[in-house]
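Just below is one structure, and these are the notes that go with it.
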Amino acid sequence: MSDRVRCNCQRCTIRSLMGPGILIAVGILFLLDQVRGGHFSFGHTFPVILIVIGVISLASALAPADGHISAPVPSAPPGTSPPSSQNPFSGQGQGQGH
Ligand SMILES: [Zn+2]
């Protein structure tokens with residue numbers, strides 16, 4: 001599993017709920033399609049998926065990003081991006097490759 005650094009800010013937490021939320025919504029809609037049919041057929045209820053995606057993305061956009069961790073290096077000072085250029089003098093690059 002190539003999971004990235006887990007950020008504990010609310011924005012990333014809500015954003016991580018996007019996938020499971022969509023799966024649950026699709027599952028519920030297909031279940032309604034199987035059980036009820038008619039008005040609850042998937043052709044009628046599929047906009048709920050769009051609503052779920054919109055609500056979750058809106059909530060993640062409005063959520064505060066306090067304590068957001070974007071870089072995998074924990075000792076990086078905020079505001080300064082780590083040097084991504086290939087500097088031969090710096091031997092402590094984060095992307096070591098092989
Ligand atoms: Zn975050």
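A note on labels: chains of the structure tokens are A, B, ... as shown, every chain counts residues from 1, and ligands are counted from 1 in their shown order.
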
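Every residue having at least one atom no farther than 7 Å from ligand 1 is included below, with only C-alpha atoms and all ligand atoms taken into account: Cys7, Asn8, Cys9, Gln10, Arg11, Cys12, Ala65, Gly67, His68, Ile69 and Ser70 of chain A.
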
Point to revise | Residue neighbourhood A:Phe46, 10 Å, only C-alpha atoms, exclusion window fewer than 5 positions, as a PyMOL selection string | key: chain A and resi 25-26+29-30+40-41+51

Could you save those same residues with N, CA and C atoms as a PDB file, in the first residue's frame?
```pdb
ATOM      1  N   ALA A  25     -22.725   5.359  -1.064  1.00  0.00           N
ATOM      2  CA  ALA A  25     -23.863   5.932  -1.787  1.00  0.00           C
ATOM      3  C   ALA A  25     -24.260   5.044  -2.963  1.00  0.00           C
ATOM      4  N   VAL A  26     -23.259   4.590  -3.718  1.00  0.00           N
ATOM      5  CA  VAL A  26     -23.564   3.714  -4.860  1.00  0.00           C
ATOM      6  C   VAL A  26     -24.191   2.415  -4.381  1.00  0.00           C
ATOM      7  N   LEU A  29     -27.772   3.026  -3.404  1.00  0.00           N
ATOM      8  CA  LEU A  29     -28.630   3.248  -4.570  1.00  0.00           C
ATOM      9  C   LEU A  29     -28.909   1.946  -5.308  1.00  0.00           C
ATOM     10  N   PHE A  30     -27.886   1.101  -5.440  1.00  0.00           N
ATOM     11  CA  PHE A  30     -28.122  -0.190  -6.098  1.00  0.00           C
ATOM     12  C   PHE A  30     -29.029  -1.070  -5.247  1.00  0.00           C
ATOM     13  N   PHE A  40     -37.151   4.227  -7.410  1.00  0.00           N
ATOM     14  CA  PHE A  40     -35.818   4.134  -6.828  1.00  0.00           C
ATOM     15  C   PHE A  40     -34.849   3.392  -7.732  1.00  0.00           C
ATOM     16  N   SER A  41     -35.174   3.284  -8.997  1.00  0.00           N
ATOM     17  CA  SER A  41     -34.220   2.645  -9.900  1.00  0.00           C
ATOM     18  C   SER A  41     -32.993   3.528 -10.046  1.00  0.00           C
ATOM     19  N   ILE A  51     -24.445  14.515  -5.705  1.00  0.00           N
ATOM     20  CA  ILE A  51     -24.673  15.332  -4.512  1.00  0.00           C
ATOM     21  C   ILE A  51     -23.697  14.944  -3.416  1.00  0.00           C
TER      22      ILE A  51
END
```

Revision key, fill the gap. A:Ile53 proximity check over A:Leu23, A:Met18, A:Val35, A:Ile28, using only C-alpha atoms: winner is A:Met18

**Study point:** In stretch 15-69 of chain A, DSSP alpha helix (DSSP H) residues written as number ranges by chain
**Key:** A: 15-16, 18-35, 42-45, 47-62

Go ahead and save the residues from that selection, with N, CA and C atoms, as a compact mmCIF listing (two decimals), in the first residue's frame.
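And here's selection_12.txt as it stands now:
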```
# COMPACT_ATOMS: atom_id res chain seq x y z
N ARG A 15 -11.62 14.74 3.22
CA ARG A 15 -11.31 14.36 1.84
C ARG A 15 -11.09 12.85 1.73
N SER A 16 -10.57 12.27 2.80
CA SER A 16 -10.35 10.82 2.76
C SER A 16 -11.67 10.06 2.84
N MET A 18 -14.12 10.72 0.94
CA MET A 18 -14.74 10.82 -0.38
C MET A 18 -14.94 9.43 -1.00
N GLY A 19 -13.91 8.63 -1.01
CA GLY A 19 -14.01 7.31 -1.63
C GLY A 19 -15.04 6.42 -0.96
N PRO A 20 -14.91 6.21 0.35
CA PRO A 20 -15.91 5.38 1.03
C PRO A 20 -17.32 5.96 0.92
N GLY A 21 -17.43 7.28 0.96
CA GLY A 21 -18.76 7.88 0.84
C GLY A 21 -19.41 7.58 -0.49
N ILE A 22 -18.62 7.65 -1.56
CA ILE A 22 -19.16 7.35 -2.88
C ILE A 22 -19.55 5.88 -2.97
N LEU A 23 -18.70 5.02 -2.42
CA LEU A 23 -19.00 3.59 -2.47
C LEU A 23 -20.28 3.28 -1.71
N ILE A 24 -20.43 3.89 -0.54
CA ILE A 24 -21.63 3.65 0.25
C ILE A 24 -22.86 4.18 -0.48
N ALA A 25 -22.72 5.36 -1.06
CA ALA A 25 -23.86 5.93 -1.79
C ALA A 25 -24.26 5.04 -2.96
N VAL A 26 -23.26 4.59 -3.72
CA VAL A 26 -23.56 3.71 -4.86
C VAL A 26 -24.19 2.41 -4.38
N GLY A 27 -23.67 1.88 -3.28
CA GLY A 27 -24.24 0.64 -2.75
C GLY A 27 -25.67 0.81 -2.32
N ILE A 28 -25.96 1.90 -1.64
CA ILE A 28 -27.33 2.15 -1.19
C ILE A 28 -28.26 2.32 -2.39
N LEU A 29 -27.77 3.03 -3.40
CA LEU A 29 -28.63 3.25 -4.57
C LEU A 29 -28.91 1.95 -5.31
N PHE A 30 -27.89 1.10 -5.44
CA PHE A 30 -28.12 -0.19 -6.10
C PHE A 30 -29.03 -1.07 -5.25
N LEU A 31 -28.89 -0.94 -3.95
CA LEU A 31 -29.76 -1.72 -3.06
C LEU A 31 -31.21 -1.27 -3.22
N LEU A 32 -31.41 0.02 -3.27
CA LEU A 32 -32.76 0.53 -3.49
C LEU A 32 -33.29 0.06 -4.84
N ASP A 33 -32.39 0.03 -5.82
CA ASP A 33 -32.81 -0.41 -7.15
C ASP A 33 -33.27 -1.86 -7.10
N GLN A 34 -32.53 -2.68 -6.35
CA GLN A 34 -32.89 -4.10 -6.26
C GLN A 34 -34.16 -4.31 -5.45
N VAL A 35 -34.27 -3.62 -4.36
CA VAL A 35 -35.39 -3.87 -3.45
C VAL A 35 -36.65 -3.19 -3.94
N PHE A 42 -31.91 2.90 -10.44
CA PHE A 42 -30.63 3.64 -10.45
C PHE A 42 -30.68 4.81 -11.42
N GLY A 43 -31.47 4.68 -12.46
CA GLY A 43 -31.58 5.77 -13.42
C GLY A 43 -32.20 7.02 -12.83
N HIS A 44 -32.94 6.84 -11.74
CA HIS A 44 -33.56 7.99 -11.09
C HIS A 44 -32.74 8.51 -9.92
N THR A 45 -31.96 7.64 -9.32
CA THR A 45 -31.29 8.02 -8.07
C THR A 45 -29.82 8.34 -8.25
N PRO A 47 -28.25 10.88 -9.43
CA PRO A 47 -27.75 12.20 -9.04
C PRO A 47 -27.36 12.30 -7.58
N VAL A 48 -27.84 11.37 -6.76
CA VAL A 48 -27.43 11.38 -5.35
C VAL A 48 -25.92 11.24 -5.24
N ILE A 49 -25.32 10.48 -6.15
CA ILE A 49 -23.87 10.32 -6.12
C ILE A 49 -23.19 11.67 -6.35
N LEU A 50 -23.73 12.41 -7.31
CA LEU A 50 -23.14 13.73 -7.57
C LEU A 50 -23.30 14.64 -6.36
N ILE A 51 -24.44 14.51 -5.71
CA ILE A 51 -24.67 15.33 -4.51
C ILE A 51 -23.70 14.94 -3.42
N VAL A 52 -23.47 13.65 -3.25
CA VAL A 52 -22.54 13.19 -2.22
C VAL A 52 -21.14 13.73 -2.52
N ILE A 53 -20.72 13.63 -3.78
CA ILE A 53 -19.39 14.12 -4.14
C ILE A 53 -19.30 15.62 -3.90
N GLY A 54 -20.34 16.34 -4.29
CA GLY A 54 -20.33 17.79 -4.11
C GLY A 54 -20.31 18.19 -2.65
N VAL A 55 -21.12 17.50 -1.84
CA VAL A 55 -21.18 17.85 -0.42
C VAL A 55 -19.86 17.56 0.27
N ILE A 56 -19.26 16.42 -0.06
CA ILE A 56 -18.00 16.08 0.60
C ILE A 56 -16.90 17.03 0.16
N SER A 57 -16.85 17.34 -1.12
CA SER A 57 -15.80 18.26 -1.58
C SER A 57 -16.01 19.65 -1.03
N LEU A 58 -17.29 20.04 -0.89
CA LEU A 58 -17.57 21.35 -0.31
C LEU A 58 -17.17 21.38 1.16
N ALA A 59 -17.49 20.31 1.87
CA ALA A 59 -17.14 20.25 3.28
C ALA A 59 -15.63 20.25 3.47
N SER A 60 -14.91 19.56 2.59
CA SER A 60 -13.46 19.54 2.72
C SER A 60 -12.86 20.89 2.37
N ALA A 61 -13.53 21.61 1.45
CA ALA A 61 -13.02 22.93 1.10
C ALA A 61 -13.26 23.93 2.22
N LEU A 62 -14.36 23.74 2.95
CA LEU A 62 -14.68 24.68 4.02
C LEU A 62 -13.98 24.32 5.32
```
